[in-house]
>>> print(open('coords_22.txt').read())   # compact mmCIF, C-alpha atoms and all ligand atoms
# COMPACT_ATOMS: atom_id res chain seq x y z
CA MET A 156 0.00 0.00 0.00
CA GLN A 157 1.19 3.50 -0.76
CA TYR A 158 0.12 6.22 1.65
CA ALA A 159 1.45 9.03 3.81
CA GLU A 160 1.20 8.78 7.58
CA SER A 161 0.02 12.41 7.85
CA VAL A 162 -0.87 15.26 5.49
CA VAL A 163 2.30 17.00 6.72
CA ASP A 164 4.35 14.28 5.01
CA LEU A 165 2.85 15.37 1.66
CA VAL A 166 4.59 18.76 1.75
CA GLY A 167 7.20 19.35 -0.98
CA ASN A 168 8.38 17.31 -3.97
CA THR A 169 6.24 19.42 -6.32
CA PRO A 170 6.57 18.89 -10.08
CA LEU A 171 8.00 21.07 -12.87
CA VAL A 172 5.85 21.70 -15.96
CA ARG A 173 6.92 23.33 -19.21
CA LEU A 174 5.19 26.59 -20.19
CA SER A 175 4.43 26.36 -23.90
CA SER A 176 1.72 28.88 -24.81
CA VAL A 177 2.75 32.05 -22.99
CA THR A 178 6.31 31.44 -24.28
CA ARG A 179 5.32 30.98 -27.94
CA HIS A 180 6.32 34.52 -28.96
CA LEU A 181 9.92 33.71 -27.96
CA GLY A 182 10.36 31.72 -31.20
CA PRO A 183 12.26 28.53 -32.08
CA ASP A 184 15.51 29.18 -30.17
CA ALA A 185 13.65 29.99 -26.96
CA PRO A 186 14.97 28.64 -23.64
CA LEU A 187 13.14 25.87 -21.82
CA VAL A 188 10.80 27.65 -19.38
CA LEU A 189 9.68 25.38 -16.52
CA ALA A 190 7.19 26.24 -13.79
CA LYS A 191 7.57 24.79 -10.27
CA VAL A 192 3.95 24.18 -9.30
CA GLU A 193 3.76 24.90 -5.58
CA TYR A 194 -0.04 24.86 -5.36
CA LEU A 195 0.26 21.08 -5.39
CA ASN A 196 1.41 21.21 -1.77
CA PRO A 197 -1.39 19.95 0.54
CA GLY A 198 -2.19 23.44 1.88
CA GLY A 199 -2.11 24.82 -1.66
CA SER A 200 1.06 26.92 -1.53
CA VAL A 201 4.84 27.06 -1.20
CA LYS A 202 4.35 28.20 2.39
CA ASP A 203 3.61 24.68 3.63
CA ARG A 204 7.36 24.13 3.40
CA ILE A 205 8.32 26.90 5.82
CA ALA A 206 5.49 26.01 8.20
CA VAL A 207 6.78 22.47 8.73
CA ARG A 208 10.39 23.61 9.12
CA MET A 209 9.58 26.46 11.55
CA VAL A 210 7.33 24.30 13.77
CA ASP A 211 9.84 21.42 13.82
CA ALA A 212 12.58 23.83 14.95
CA ALA A 213 10.37 25.50 17.59
CA GLU A 214 9.43 22.11 19.05
CA ALA A 215 13.07 21.02 19.10
CA GLY A 216 14.12 24.31 20.73
CA GLY A 217 11.31 24.19 23.32
CA GLU A 218 9.72 27.51 22.20
CA LEU A 219 6.55 25.65 21.25
CA GLN A 220 5.26 23.41 24.03
CA PRO A 221 2.39 20.88 23.89
CA GLY A 222 -0.96 22.73 23.85
CA GLY A 223 0.71 26.02 22.83
CA THR A 224 -0.67 28.71 20.51
CA ILE A 225 0.82 29.80 17.18
CA VAL A 226 0.38 33.57 16.51
CA GLU A 227 1.49 34.94 13.13
CA PRO A 228 0.87 37.89 10.78
CA THR A 229 0.18 36.18 7.44
CA SER A 230 -1.52 36.93 4.16
CA GLY A 231 -3.08 33.53 4.32
CA ASN A 232 -0.74 30.98 2.79
CA THR A 233 1.67 30.74 5.72
CA GLY A 234 -1.36 30.48 7.96
CA ILE A 235 -2.74 27.55 6.00
CA GLY A 236 0.60 25.75 6.25
CA LEU A 237 0.85 26.47 9.97
CA ALA A 238 -2.81 25.49 10.49
CA LEU A 239 -2.17 22.12 8.84
CA VAL A 240 0.82 21.38 11.03
CA ALA A 241 -0.89 22.76 14.15
CA GLN A 242 -3.98 20.62 13.59
CA GLN A 243 -1.87 17.49 13.28
CA ARG A 244 0.08 18.30 16.45
CA GLY A 245 -2.61 19.81 18.67
CA TYR A 246 -1.77 23.55 18.71
CA ARG A 247 -4.18 26.52 18.63
CA CYS A 248 -3.66 29.14 15.87
CA ILE A 249 -4.35 32.90 15.75
CA PHE A 250 -3.58 34.66 12.45
CA VAL A 251 -3.39 38.38 11.74
CA CYS A 252 -4.02 39.55 8.14
CA PRO A 253 -4.04 42.89 6.30
CA ASP A 254 -7.49 43.91 4.99
CA LYS A 255 -6.47 43.64 1.30
CA VAL A 256 -6.38 39.85 1.66
CA GLY A 257 -9.22 38.06 -0.10
CA GLN A 258 -12.16 36.92 2.04
CA GLU A 259 -11.83 33.44 0.53
CA LYS A 260 -8.33 33.10 2.00
CA ILE A 261 -9.58 34.16 5.44
CA ASN A 262 -12.45 31.67 5.24
CA VAL A 263 -9.98 28.91 4.42
CA LEU A 264 -7.97 29.67 7.57
CA LYS A 265 -11.14 29.54 9.63
CA ALA A 266 -12.11 26.24 7.99
CA TYR A 267 -8.93 24.69 9.41
CA GLY A 268 -10.05 25.86 12.85
CA ALA A 269 -7.84 28.94 13.12
CA GLU A 270 -8.86 32.32 14.55
CA VAL A 271 -8.30 35.34 12.23
CA VAL A 272 -7.83 39.05 13.08
CA VAL A 273 -8.05 41.54 10.15
CA CYS A 274 -6.08 44.85 10.25
CA PRO A 275 -5.87 47.93 7.95
CA THR A 276 -3.30 47.81 5.10
CA ALA A 277 -2.94 51.57 4.69
CA VAL A 278 -1.09 52.27 7.97
CA ASP A 279 2.63 52.40 8.79
CA PRO A 280 4.13 49.05 9.99
CA ALA A 281 4.99 50.81 13.31
CA ASP A 282 1.35 51.91 13.81
CA PRO A 283 -0.34 49.98 16.67
CA ARG A 284 -3.15 49.03 14.25
CA SER A 285 -0.78 47.47 11.67
CA TYR A 286 -0.86 43.72 11.31
CA TYR A 287 2.74 43.50 12.48
CA SER A 288 1.97 45.43 15.71
CA VAL A 289 -1.26 43.56 16.45
CA SER A 290 0.41 40.17 16.08
CA ASP A 291 3.25 41.25 18.42
CA ARG A 292 0.71 42.27 21.04
CA LEU A 293 -1.28 39.01 20.73
CA ALA A 294 1.94 36.98 21.00
CA ARG A 295 2.83 38.85 24.22
CA GLU A 296 -0.62 38.57 25.79
CA THR A 297 -1.56 34.96 24.90
CA PRO A 298 -0.26 32.31 27.36
CA GLY A 299 1.93 29.64 25.70
CA ALA A 300 2.13 31.71 22.51
CA TRP A 301 4.88 31.23 19.97
CA LYS A 302 5.31 33.61 17.04
CA PRO A 303 7.10 31.92 14.13
CA ASP A 304 7.80 35.36 12.57
CA GLN A 305 8.32 34.30 9.00
CA TYR A 306 9.99 37.70 8.38
CA SER A 307 12.94 36.97 10.66
CA ASN A 308 12.89 33.19 11.18
CA PRO A 309 16.02 31.62 9.60
CA ASN A 310 14.08 28.36 9.19
CA ASN A 311 12.02 30.12 6.49
CA PRO A 312 14.90 30.50 3.98
CA ARG A 313 16.46 27.31 5.39
CA SER A 314 13.41 25.25 4.37
CA HIS A 315 13.94 26.37 0.77
CA TYR A 316 17.69 25.79 0.98
CA GLU A 317 16.99 22.24 2.22
CA THR A 318 14.01 21.27 0.04
CA THR A 319 12.91 23.57 -2.83
CA GLY A 320 16.44 24.30 -4.06
CA PRO A 321 17.67 20.68 -4.09
CA GLU A 322 14.42 19.55 -5.75
CA ILE A 323 14.88 22.04 -8.62
CA TRP A 324 18.55 21.11 -9.00
CA ALA A 325 17.73 17.38 -9.15
CA GLN A 326 14.67 17.80 -11.39
CA THR A 327 16.70 19.77 -13.97
CA GLU A 328 19.68 17.44 -13.56
CA GLY A 329 21.78 20.47 -12.75
CA ARG A 330 20.97 22.11 -16.09
CA ILE A 331 19.05 25.08 -14.68
CA THR A 332 20.65 28.39 -15.74
CA HIS A 333 18.10 30.93 -14.43
CA PHE A 334 15.75 30.95 -11.44
CA VAL A 335 12.90 33.49 -11.20
CA THR A 336 10.64 33.99 -8.18
CA GLY A 337 8.72 36.71 -6.39
CA ALA A 338 9.84 37.93 -2.98
CA GLY A 339 7.62 38.59 0.02
CA THR A 340 9.56 37.60 3.11
CA GLY A 341 12.34 36.74 0.67
CA GLY A 342 12.59 33.23 2.09
CA THR A 343 12.09 31.53 -1.26
CA ILE A 344 14.54 33.62 -3.27
CA SER A 345 17.16 33.60 -0.52
CA GLY A 346 17.03 29.87 0.27
CA VAL A 347 16.55 28.51 -3.26
CA GLY A 348 18.87 31.13 -4.75
CA ARG A 349 21.68 30.41 -2.33
CA TYR A 350 21.37 26.65 -2.85
CA LEU A 351 21.39 26.95 -6.64
CA LYS A 352 24.35 29.37 -6.58
CA GLU A 353 26.35 26.95 -4.42
CA ALA A 354 25.35 23.84 -6.36
CA SER A 355 26.28 25.45 -9.70
CA GLY A 356 29.44 27.20 -8.55
CA GLY A 357 27.79 30.60 -9.05
CA ARG A 358 26.59 29.84 -12.59
CA VAL A 359 22.80 30.01 -11.97
CA GLN A 360 21.39 33.52 -12.30
CA VAL A 361 18.77 34.43 -9.69
CA ILE A 362 16.11 36.96 -10.64
CA GLY A 363 13.56 38.46 -8.26
CA ALA A 364 10.14 39.52 -9.50
CA ASP A 365 8.65 42.43 -7.57
CA PRO A 366 5.45 44.48 -7.69
CA GLU A 367 6.04 48.08 -8.84
CA GLY A 368 6.17 50.20 -5.67
CA SER A 369 7.84 47.59 -3.41
CA VAL A 370 11.22 48.27 -1.78
CA TYR A 371 12.98 45.34 -3.48
CA SER A 372 12.76 47.07 -6.86
CA GLY A 373 13.61 50.51 -5.45
CA GLY A 374 10.10 51.61 -4.48
CA THR A 375 8.88 53.22 -1.29
CA GLY A 376 6.32 50.56 -0.36
CA ARG A 377 3.55 52.33 -2.29
CA PRO A 378 0.42 50.09 -2.27
CA TYR A 379 -0.12 47.57 -5.06
CA LEU A 380 -2.74 44.88 -5.47
CA VAL A 381 -0.74 41.71 -6.03
CA GLU A 382 -0.88 39.69 -2.80
CA GLY A 383 1.92 37.91 -0.94
CA VAL A 384 4.87 39.64 -2.62
CA GLY A 385 6.75 42.93 -2.31
CA GLU A 386 7.43 44.72 0.96
CA ASP A 387 7.52 48.17 2.50
CA PHE A 388 10.54 47.22 4.65
CA TRP A 389 13.59 44.94 4.35
CA PRO A 390 12.96 41.67 6.28
CA SER A 391 15.99 39.80 7.65
CA THR A 392 14.84 36.68 5.76
CA TYR A 393 15.70 38.52 2.53
CA ASP A 394 19.36 37.93 1.67
CA GLN A 395 20.40 40.98 -0.35
CA GLU A 396 23.40 39.16 -1.82
CA VAL A 397 21.51 36.44 -3.66
CA ALA A 398 19.52 38.16 -6.44
CA ASP A 399 21.47 39.15 -9.54
CA GLU A 400 18.59 41.27 -10.77
CA ILE A 401 15.14 42.47 -9.71
CA VAL A 402 12.39 42.95 -12.29
CA ALA A 403 9.48 45.25 -11.37
CA VAL A 404 6.06 44.25 -12.74
CA SER A 405 2.81 46.25 -12.71
CA ASP A 406 -0.45 44.94 -11.21
CA GLY A 407 -2.08 45.06 -14.67
CA ASP A 408 0.61 42.95 -16.32
CA SER A 409 0.65 40.52 -13.36
CA PHE A 410 -3.11 39.95 -13.46
CA ALA A 411 -3.31 39.68 -17.26
CA MET A 412 -0.64 36.96 -17.19
CA THR A 413 -2.35 35.22 -14.26
CA ARG A 414 -5.48 34.91 -16.40
CA ARG A 415 -3.48 33.72 -19.40
CA LEU A 416 -1.86 30.97 -17.29
CA ALA A 417 -5.32 29.57 -16.50
CA ARG A 418 -6.71 29.91 -20.02
CA GLU A 419 -3.66 28.87 -21.99
CA GLU A 420 -1.61 26.62 -19.73
CA GLY A 421 -4.35 25.11 -17.55
CA LEU A 422 -2.65 26.51 -14.46
CA LEU A 423 -5.18 28.19 -12.16
CA VAL A 424 -2.71 30.17 -10.05
CA GLY A 425 -2.50 33.33 -7.94
CA GLY A 426 -1.45 36.86 -8.91
CA SER A 427 2.13 36.54 -7.69
CA CYS A 428 2.51 33.65 -10.17
CA GLY A 429 1.43 35.86 -13.07
CA MET A 430 3.88 38.48 -11.82
CA ALA A 431 6.75 35.96 -11.66
CA VAL A 432 5.95 34.67 -15.17
CA VAL A 433 5.94 38.21 -16.63
CA ALA A 434 9.42 38.71 -15.14
CA ALA A 435 10.52 35.25 -16.35
CA LEU A 436 9.44 36.00 -19.91
CA ARG A 437 11.30 39.32 -19.89
CA VAL A 438 14.44 37.44 -18.87
CA ALA A 439 13.74 34.60 -21.36
CA GLU A 440 13.69 37.10 -24.25
CA ARG A 441 17.45 37.50 -23.96
CA LEU A 442 18.21 33.76 -23.49
CA THR A 443 18.79 30.94 -25.99
CA GLU A 444 17.77 27.31 -26.40
CA ASP A 445 20.79 26.30 -24.31
CA ASP A 446 19.24 27.91 -21.24
CA VAL A 447 16.85 26.36 -18.72
CA LEU A 448 14.77 28.83 -16.74
CA VAL A 449 12.72 27.76 -13.72
CA VAL A 450 9.98 30.08 -12.44
CA LEU A 451 8.32 29.28 -9.11
CA LEU A 452 4.52 29.57 -8.90
CA PRO A 453 3.73 30.06 -5.18
CA ASP A 454 -0.01 29.34 -4.95
CA GLY A 455 -3.26 28.41 -6.68
CA GLY A 456 -5.97 30.67 -8.10
CA ARG A 457 -8.98 29.53 -6.04
CA GLY A 458 -8.34 32.25 -3.46
CA TYR A 459 -8.61 34.97 -6.10
CA LEU A 460 -11.83 34.02 -7.93
CA GLY A 461 -13.57 37.15 -6.62
CA LYS A 462 -10.70 39.39 -7.74
CA ILE A 463 -8.30 38.52 -10.57
CA PHE A 464 -10.75 36.08 -12.18
CA ASN A 465 -13.75 38.38 -11.68
CA ASP A 466 -14.33 40.70 -14.67
CA ALA A 467 -16.24 43.27 -12.58
CA TRP A 468 -13.40 43.58 -10.03
CA MET A 469 -10.81 43.79 -12.83
CA ALA A 470 -12.90 46.45 -14.61
CA ASP A 471 -13.19 48.51 -11.39
CA TYR A 472 -9.40 48.88 -11.43
CA GLY A 473 -9.25 49.43 -15.20
CA PHE A 474 -7.50 46.12 -15.89
CA VAL A 475 -10.19 44.88 -18.31
CA GLU A 476 -13.13 46.59 -20.00
CA ALA A 477 -16.47 46.13 -18.26
CA THR A 478 -17.75 43.99 -21.16
CA GLY A 479 -15.63 41.01 -20.12
CA GLY A 480 -12.21 39.44 -20.26
CA GLU A 481 -11.68 39.54 -24.01
CA THR A 482 -9.22 42.42 -23.77
CA VAL A 483 -6.92 40.56 -21.39
CA GLY A 484 -4.51 39.32 -24.06
CA GLU A 485 -4.22 42.84 -25.45
CA LEU A 486 -3.08 44.22 -22.10
CA LEU A 487 0.29 42.55 -22.41
CA HIS A 488 1.09 43.41 -26.02
N1 LIG B 501 3.34 34.59 -3.41
C1 LIG B 501 2.43 34.39 -2.47
C2 LIG B 501 0.99 34.22 -2.88
C3 LIG B 501 2.82 34.35 -1.12
O1 LIG B 501 1.88 34.14 -0.17
C4 LIG B 501 4.17 34.53 -0.79
C5 LIG B 501 4.59 34.53 0.66
N2 LIG B 501 4.45 35.79 1.28
C6 LIG B 501 5.10 34.76 -1.80
C7 LIG B 501 4.64 34.76 -3.11
C8 LIG B 501 6.55 35.09 -1.54
O2 LIG B 501 7.31 34.11 -0.93
P1 LIG B 501 8.47 34.50 0.11
O3 LIG B 501 7.81 34.99 1.36
O4 LIG B 501 9.23 33.24 0.31
O5 LIG B 501 9.32 35.59 -0.48
>>> encode(input="coords_22.txt", output="structure tokens")
Amino acid sequence: MQYAESVVDLVGNTPLVRLSSVTRHLGPDAPLVLAKVEYLNPGGSVKDRIAVRMVDAAEAGGELQPGGTIVEPTSGNTGIGLALVAQQRGYRCIFVCPDKVGQEKINVLKAYGAEVVVCPTAVDPADPRSYYSVSDRLARETPGAWKPDQYSNPNNPRSHYETTGPEIWAQTEGRITHFVTGAGTGGTISGVGRYLKEASGGRVQVIGADPEGSVYSGGTGRPYLVEGVGEDFWPSTYDQEVADEIVAVSDGDSFAMTRRLAREEGLLVGGSCGMAVVAALRVAERLTEDDVLVVLLPDGGRGYLGKIFNDAWMADYGFVEATGGETVGELLH
């Protein structure tokens, strides 16, 4: 019989799939463009990986005791990963989210049995109402609380250094030349990027994809609509020495590509995936058939059905005309 002992054991070992339609304009000597499909993790995102690693380390270090409570500011995906692990191991969870996060994502957290506190997005991180401040206060005031703090926890990038990076290296048989991913906490780019640099002797180029306005691409933290990526501060989980280049992508381009990935590649993914693919294709334009580019797709599209995949919402922001989604392809070209 073939089965896992627990859903936690299903985290990782996600597949690579070739992108063939959105890459067609690159012509016959285009590089191989492969997507690492992280929504196939049991919680539906790349964040399952860091959840397992951070909880394992906290248990080993005694910071998380039996019956304890996990408190974390999260845009949803890290919460789902933590909720999965917590449920299996008997912990309570309280998550703190900014108000731009989709209601569907919040409902998912609650479905796993977690408690969710929603805070305003448009305030300074130091403001007592910000989701960072509120989670700090809850962690202080809740007995037996442990705050993983994905923004400073070294086990976040470490999980990618130990799992995601080696998987990509093995799956491409060491032939990967370029790695493209978005950065939120920076855990993915820092851990995977460092592993691939070391494994290849510095040959693999690491490219960060970033929403226009975020600090990683030189912005001030100006608001943008893509969820889960970009920052208004520099987290310690972001290793500034790893990325060779950062590509800034607009919300409009990110969402148009997100919709194309569903319609043309059969990949129903989130907005940060569209953003990463736009950046990947910009890089791929200057590559040749000898190159192998891997772009990481962090999560699935189910959490964005009311937004990116909703014509009325897209029209409200001027991303598509109110008549429907037929203008989506035109947005990119
Ligand atoms: N995309 C989504 C949807 C996310 O939730 C996250 C995590 N914040 C990322 C991308 C970025 O990953 P990382 O935090 O490892 O930089």
>>> closest_residue(input="coords_22.txt", among="A:Tyr371, A:Trp324, A:Trp389, A:Tyr158", to="Val359 of chain A", atoms="all atoms listed in the file")
A:Trp324
>>> closest_residue(input="coords_22.txt", among="A:Gly368, A:Pro253, A:Pro309, A:Gly329", to="Asp446 of chain A", atoms="only C-alpha atoms")
A:Gly329
>>> residues_near_ligand(input="coords_22.txt", ligand="ligand LIG 501 (chain B)", cutoff="7 Å", atoms="all atoms listed in the file", output="list in words")
Lys202, Ser230, Gly231, Asn232, Thr233, Gly337, Ala338, Gly339, Thr340, Gly341, Gly342, Thr343, Ile344, Glu382, Gly383, Val384, Gly425, Ser427, Cys428, Pro453 and Asp454 of chain A
>>> atom_distance(input="coords_22.txt", atom1="atom CA of Pro186 of chain A", atom2="atom CA of Ile331 of chain A")
10.5 Å
>>> atom_distance(input="coords_22.txt", atom1="atom CA of Arg441 of chain A", atom2="atom CA of Tyr316 of chain A")
27.6 Å
>>> axis_aligned_box(input="coords_22.txt", around="segment 291-309 of chain A", padding_each_side="3 Å", output="lines of an AutoDock Vina configuration file")
center_x = 7.2
center_y = 36.0
center_z = 17.9
size_x = 23.6
size_y = 18.6
size_z = 25.0
>>> build_atoms(input="coords_22.txt", residues="segment 222-234 of chain A", atoms="N, CA and C atoms", output="short mmCIF file (atom, residue, chain, number, x, y, z; two decimals), keeping the file's coordinate frame")
data_model
loop_
_atom_site.label_atom_id
_atom_site.label_comp_id
_atom_site.auth_asym_id
_atom_site.auth_seq_id
_atom_site.Cartn_x
_atom_site.Cartn_y
_atom_site.Cartn_z
N GLY A 222 0.19 21.89 23.51
CA GLY A 222 -0.96 22.73 23.85
C GLY A 222 -0.74 24.21 23.61
N GLY A 223 0.39 24.60 23.06
CA GLY A 223 0.71 26.02 22.83
C GLY A 223 -0.10 26.64 21.69
N THR A 224 0.07 27.97 21.53
CA THR A 224 -0.67 28.71 20.51
C THR A 224 0.30 29.35 19.52
N ILE A 225 0.01 29.18 18.24
CA ILE A 225 0.82 29.80 17.18
C ILE A 225 0.15 31.12 16.80
N VAL A 226 0.91 32.24 16.89
CA VAL A 226 0.38 33.57 16.51
C VAL A 226 1.26 34.11 15.39
N GLU A 227 0.66 34.50 14.26
CA GLU A 227 1.49 34.94 13.13
C GLU A 227 0.75 35.94 12.25
N PRO A 228 1.47 37.03 11.80
CA PRO A 228 0.87 37.89 10.78
C PRO A 228 1.07 37.20 9.43
N THR A 229 0.02 36.91 8.72
CA THR A 229 0.18 36.18 7.44
C THR A 229 -0.91 36.58 6.47
N SER A 230 -0.54 36.62 5.19
CA SER A 230 -1.52 36.93 4.16
C SER A 230 -2.32 35.70 3.77
N GLY A 231 -2.22 34.68 4.56
CA GLY A 231 -3.08 33.53 4.32
C GLY A 231 -2.33 32.24 4.09
N ASN A 232 -1.38 32.25 3.14
CA ASN A 232 -0.74 30.98 2.79
C ASN A 232 0.11 30.40 3.92
N THR A 233 0.87 31.24 4.60
CA THR A 233 1.67 30.74 5.72
C THR A 233 0.74 30.23 6.81
N GLY A 234 -0.38 30.92 6.98
CA GLY A 234 -1.36 30.48 7.96
C GLY A 234 -1.90 29.11 7.65
#
